[in-house]
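Listing of start_32.txt; format and content: compact mmCIF, C-alpha atoms.
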```
# COMPACT_ATOMS: atom_id res chain seq x y z
CA THR A 1 1.73 -4.22 24.82
CA CYS A 2 0.46 -1.74 22.26
CA ALA A 3 1.72 -2.39 18.73
CA TYR A 4 1.87 1.36 18.05
CA ASN A 5 0.72 4.59 19.64
CA SER A 6 -3.06 4.50 19.76
CA ILE A 7 -5.03 7.04 17.76
CA VAL A 8 -8.14 8.22 19.62
CA THR A 9 -9.72 11.24 17.97
CA VAL A 10 -12.84 13.04 16.80
CA HIS A 11 -10.97 13.85 13.57
CA GLY A 12 -10.87 10.40 12.01
CA GLU A 13 -10.65 11.95 8.56
CA VAL A 14 -7.03 12.86 9.39
CA LEU A 15 -5.01 9.70 8.75
CA HIS A 16 -2.55 8.82 11.53
CA ASN A 17 -3.76 11.76 13.60
CA ASP A 18 -1.62 12.37 16.66
CA ARG A 19 -3.37 15.49 18.01
CA TYR A 20 -5.91 15.03 20.78
CA HIS A 21 -6.74 18.51 21.97
CA HIS A 22 -10.38 18.57 20.82
CA PRO A 23 -13.18 18.39 23.39
CA LEU A 24 -15.72 15.62 22.94
CA ARG A 25 -19.22 16.81 21.99
CA SER A 26 -22.28 14.59 22.04
CA SER A 27 -22.68 15.06 18.26
CA ASP A 28 -19.12 13.83 17.51
CA LEU A 29 -17.90 10.45 16.39
CA LEU A 30 -14.91 9.05 18.28
CA LEU A 31 -12.42 7.00 16.29
CA ALA A 32 -10.07 4.57 18.03
CA ASP A 33 -7.25 2.99 16.02
CA VAL A 34 -5.45 0.62 18.37
CA GLY A 35 -3.28 -2.42 18.18
CA ALA A 36 -1.97 -5.07 20.49
CA GLU A 37 1.29 -6.97 20.25
CA THR A 38 1.98 -10.46 21.56
CA PRO A 39 5.16 -11.27 23.51
CA ASP A 40 6.40 -12.93 20.28
CA GLY A 41 6.00 -9.65 18.36
CA TRP A 42 2.87 -10.39 16.32
CA ALA A 43 0.85 -7.23 15.86
CA SER A 44 -2.77 -6.27 15.27
CA ASP A 45 -4.35 -3.09 13.92
CA ILE A 46 -8.06 -2.47 14.52
CA THR A 47 -10.05 0.73 13.98
CA ARG A 48 -13.57 1.37 15.25
CA THR A 49 -15.83 4.43 15.52
CA TRP A 50 -18.57 5.21 18.06
CA PRO A 51 -20.98 8.08 18.59
CA VAL A 52 -19.86 10.12 21.60
CA GLY A 53 -23.46 10.76 22.66
CA ASN A 54 -24.36 7.04 22.44
CA ARG A 55 -26.59 7.60 19.38
CA PHE A 56 -25.76 8.26 15.75
CA SER A 57 -27.45 11.19 14.03
CA SER A 58 -29.55 10.06 11.06
CA THR A 59 -26.73 11.01 8.65
CA GLN A 60 -24.13 9.23 10.78
CA ARG A 61 -26.38 6.16 10.96
CA ASP A 62 -26.85 6.12 7.17
CA LEU A 63 -23.09 6.25 6.62
CA TYR A 64 -22.45 3.69 9.36
CA GLU A 65 -24.86 1.31 7.58
CA VAL A 66 -22.89 1.71 4.33
CA VAL A 67 -19.63 0.86 6.10
CA LEU A 68 -21.26 -2.03 7.97
CA ALA A 69 -22.64 -3.44 4.69
CA ALA A 70 -19.12 -3.38 3.21
CA HIS A 71 -17.74 -5.01 6.36
CA ASP A 72 -20.33 -7.77 6.36
CA ARG A 73 -20.07 -8.48 2.62
CA CYS A 74 -16.29 -8.72 2.83
CA ILE A 75 -16.32 -11.07 5.81
CA ALA A 76 -18.84 -13.28 4.03
CA ALA A 77 -16.61 -13.39 0.93
CA VAL A 78 -13.34 -14.31 2.68
CA ARG A 79 -12.32 -17.91 2.07
CA PRO A 80 -9.29 -19.79 0.76
CA ASN A 81 -8.14 -18.76 -2.72
CA VAL A 82 -10.04 -15.46 -2.69
CA GLU A 83 -7.57 -12.70 -3.45
CA TYR A 84 -7.09 -9.78 -1.05
CA ARG A 85 -7.66 -7.41 -3.99
CA ASP A 86 -11.07 -8.98 -4.66
CA ILE A 87 -12.12 -8.35 -1.06
CA HIS A 88 -10.84 -4.78 -1.31
CA LEU A 89 -12.78 -4.17 -4.55
CA LEU A 90 -15.92 -5.67 -3.02
CA ALA A 91 -15.65 -3.14 -0.19
CA CYS A 92 -15.05 -0.32 -2.69
CA GLU A 93 -18.07 -1.26 -4.79
CA THR A 94 -20.30 -1.64 -1.73
CA ILE A 95 -19.26 1.76 -0.40
CA ALA A 96 -19.64 3.41 -3.81
CA GLN A 97 -23.14 1.97 -4.22
CA GLY A 98 -24.09 3.08 -0.72
CA LEU A 99 -22.88 6.59 -1.43
CA VAL A 100 -24.90 6.62 -4.67
CA ASP A 101 -27.97 5.41 -2.78
CA LEU A 102 -27.51 8.27 -0.28
CA GLY A 103 -27.12 10.84 -3.08
CA ILE A 104 -23.52 11.65 -2.15
CA LEU A 105 -22.07 10.27 -5.40
CA ARG A 106 -23.72 10.04 -8.81
CA GLY A 107 -23.20 7.30 -11.34
CA ARG A 108 -22.78 3.55 -11.44
CA ALA A 109 -20.81 2.03 -8.58
CA ASP A 110 -18.45 0.05 -10.82
CA ASP A 111 -17.66 3.16 -12.90
CA LEU A 112 -17.06 5.21 -9.76
CA VAL A 113 -14.65 2.58 -8.42
CA GLU A 114 -12.84 2.46 -11.76
CA GLN A 115 -12.42 6.25 -11.54
CA ASP A 116 -11.36 6.02 -7.85
CA ALA A 117 -14.18 8.40 -6.81
CA HIS A 118 -14.92 6.20 -3.78
CA ALA A 119 -11.34 6.73 -2.56
CA LEU A 120 -12.24 10.27 -1.47
CA PHE A 121 -14.27 8.56 1.27
CA PHE A 122 -12.19 5.38 1.64
CA PRO A 123 -8.53 6.50 1.47
CA HIS A 124 -7.03 3.56 3.38
CA GLY A 125 -8.88 0.87 1.48
CA VAL A 126 -9.97 -2.29 3.23
CA GLY A 127 -6.78 -2.45 5.27
CA HIS A 128 -3.22 -3.61 5.03
CA LEU A 129 -1.20 -6.71 5.74
CA ILE A 130 0.56 -7.06 9.05
CA GLY A 131 3.16 -9.39 10.45
CA LEU A 132 5.76 -9.09 13.17
CA ASP A 133 5.24 -5.33 13.12
CA VAL A 134 2.12 -3.42 12.12
CA HIS A 135 3.60 -2.20 8.84
CA ASP A 136 6.39 -4.70 8.21
CA MET A 137 4.84 -6.02 4.99
CA GLU A 138 5.33 -2.73 3.13
CA ASP A 139 8.89 -3.70 2.19
CA LEU A 140 7.55 -6.98 0.77
CA GLY A 141 5.11 -5.42 -1.69
CA ASP A 142 2.08 -4.53 0.47
CA ARG A 143 0.69 -1.46 -1.24
CA ALA A 144 -2.90 -1.76 0.01
CA GLY A 145 -3.26 1.94 0.79
```
Re-express the file's structure as structure tokens.
Amino acid sequence: TCAYNSIVTVHGEVLHNDRYHHPLRSSDLLLADVGAETPDGWASDITRTWPVGNRFSSTQRDLYEVVLAAHDRCIAAVRPNVEYRDIHLLACETIAQGLVDLGILRGRADDLVEQDAHALFFPHGVGHLIGLDVHDMEDLGDRAG
């Protein structure tokens, strides 16, 4: 079954959006935040974004490449004894540097992360812990967002 009500929207900048009355245009990006739940209650939470018209605009492609670089660097860094926070900060620094390279932010990536400037574009962070419910770790100290 679904672990929670799916979020499928062209307004991915609105966290936990539950309004779906917008028509799809070929220039839009479609965000899908969906989760599955096993019969034993274990949950997943996955978010992906696609271009509605099957092709990113050049700006969308540039930003997608920044996010993909963070994704790939984080996956490559995951291993035993690497802290969740270190993976999160790696994503933050990669995104901040990408935004500097695109001229969206100015400064040094590590300074921007220290000032939380990247969080304007990365409000949820790299993710959150899940267990027998999508958000059940929040009562046990998960403060990833």
> From the list A:Thr49, A:Asp86, A:Ile95, A:Asp101, which residue is nearest Ala69 (chain A) when using only C-alpha atoms?
Replying inline: A:Ile95
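Counting from CA of Glu13 (chain A), the distance to CA of Leu105 (chain A) is 18.1 Å.
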>> Taking 2 positions as the minimum chain separation for residues in the same chain, which residues sit within 12 Å of Leu112 (chain A) when counting all atoms listed in the file? Answer as a ChimeraX atom specification.
In response: /A:89,92-100,104-110,114-121
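Between CA of Gly12 (chain A) and CA of Leu31 (chain A) lies a distance of 5.7 Å.
When CA of His88 (chain A) is paired with CA of Gly103 (chain A), their separation reads 22.6 Å.
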> Of the candidates A:Arg19, A:Leu29, A:Tyr4, A:Thr47, which one gets nearest to His124 (chain A) if we count all atoms listed in the file?
Replying inline: A:Thr47
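Considering all atoms listed in the file, the residue among A:Pro80, A:Asp45, A:Asn54, A:Ile7 positioned nearest to Ser26 (chain A) is A:Asn54.
Non-sequential neighbours of Asp72 (chain A) (distance at most 12 Å, separation of 3 or more positions within a chain, all atoms listed in the file) are Glu65, Val66, Val67, Leu68, Ala69, Ile75, Ala76, Ala77, Val78, Ile87, Leu90, Ala91, Thr94 and Ile95 of chain A.
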Complete region 55-83 of chain A with N, CA and C atoms (output as a compact mmCIF listing (two decimals), in the frame of the given file).
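What ended up in out.txt:
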```txt
# COMPACT_ATOMS: atom_id res chain seq x y z
N ARG A 55 -25.67 7.80 20.49
CA ARG A 55 -26.59 7.60 19.38
C ARG A 55 -26.04 8.32 18.15
N PHE A 56 -26.12 7.63 17.01
CA PHE A 56 -25.76 8.26 15.75
C PHE A 56 -26.85 9.25 15.35
N SER A 57 -26.46 10.35 14.70
CA SER A 57 -27.45 11.19 14.03
C SER A 57 -27.97 10.38 12.84
N SER A 58 -29.02 10.82 12.20
CA SER A 58 -29.55 10.06 11.06
C SER A 58 -28.52 9.97 9.93
N THR A 59 -27.78 11.04 9.68
CA THR A 59 -26.73 11.01 8.65
C THR A 59 -25.61 10.07 9.05
N GLN A 60 -25.17 10.14 10.30
CA GLN A 60 -24.13 9.23 10.78
C GLN A 60 -24.59 7.79 10.68
N ARG A 61 -25.84 7.52 11.02
CA ARG A 61 -26.38 6.16 10.96
C ARG A 61 -26.39 5.66 9.52
N ASP A 62 -26.82 6.51 8.59
CA ASP A 62 -26.85 6.12 7.17
C ASP A 62 -25.45 5.73 6.69
N LEU A 63 -24.46 6.54 7.04
CA LEU A 63 -23.09 6.25 6.62
C LEU A 63 -22.53 5.02 7.33
N TYR A 64 -22.86 4.87 8.61
CA TYR A 64 -22.45 3.69 9.36
C TYR A 64 -23.00 2.42 8.68
N GLU A 65 -24.25 2.48 8.23
CA GLU A 65 -24.86 1.31 7.58
C GLU A 65 -24.14 0.96 6.28
N VAL A 66 -23.66 1.96 5.55
CA VAL A 66 -22.89 1.71 4.33
C VAL A 66 -21.60 0.97 4.68
N VAL A 67 -20.89 1.48 5.69
CA VAL A 67 -19.63 0.86 6.10
C VAL A 67 -19.89 -0.55 6.64
N LEU A 68 -20.93 -0.71 7.42
CA LEU A 68 -21.26 -2.03 7.97
C LEU A 68 -21.61 -3.02 6.85
N ALA A 69 -22.32 -2.56 5.83
CA ALA A 69 -22.64 -3.44 4.69
C ALA A 69 -21.36 -3.91 4.00
N ALA A 70 -20.40 -3.00 3.81
CA ALA A 70 -19.12 -3.38 3.21
C ALA A 70 -18.40 -4.39 4.10
N HIS A 71 -18.36 -4.11 5.38
CA HIS A 71 -17.74 -5.01 6.36
C HIS A 71 -18.34 -6.41 6.28
N ASP A 72 -19.66 -6.48 6.35
CA ASP A 72 -20.33 -7.77 6.36
C ASP A 72 -20.16 -8.53 5.05
N ARG A 73 -20.25 -7.82 3.92
CA ARG A 73 -20.07 -8.48 2.62
C ARG A 73 -18.65 -9.02 2.48
N CYS A 74 -17.68 -8.27 2.94
CA CYS A 74 -16.29 -8.72 2.83
C CYS A 74 -16.03 -9.93 3.71
N ILE A 75 -16.51 -9.91 4.93
CA ILE A 75 -16.32 -11.07 5.81
C ILE A 75 -16.97 -12.30 5.21
N ALA A 76 -18.16 -12.14 4.64
CA ALA A 76 -18.84 -13.28 4.03
C ALA A 76 -18.09 -13.83 2.82
N ALA A 77 -17.31 -12.98 2.14
CA ALA A 77 -16.61 -13.39 0.93
C ALA A 77 -15.23 -13.99 1.19
N VAL A 78 -14.69 -13.81 2.39
CA VAL A 78 -13.34 -14.31 2.68
C VAL A 78 -13.37 -15.83 2.78
N ARG A 79 -12.48 -16.45 2.03
CA ARG A 79 -12.32 -17.91 2.07
C ARG A 79 -11.01 -18.24 1.36
N PRO A 80 -10.53 -19.44 1.46
CA PRO A 80 -9.29 -19.79 0.76
C PRO A 80 -9.39 -19.50 -0.74
N ASN A 81 -8.30 -19.05 -1.30
CA ASN A 81 -8.14 -18.76 -2.72
C ASN A 81 -8.89 -17.52 -3.21
N VAL A 82 -9.48 -16.75 -2.31
CA VAL A 82 -10.04 -15.46 -2.69
C VAL A 82 -8.95 -14.43 -2.48
N GLU A 83 -8.66 -13.67 -3.50
CA GLU A 83 -7.57 -12.70 -3.45
C GLU A 83 -7.93 -11.50 -2.56
```
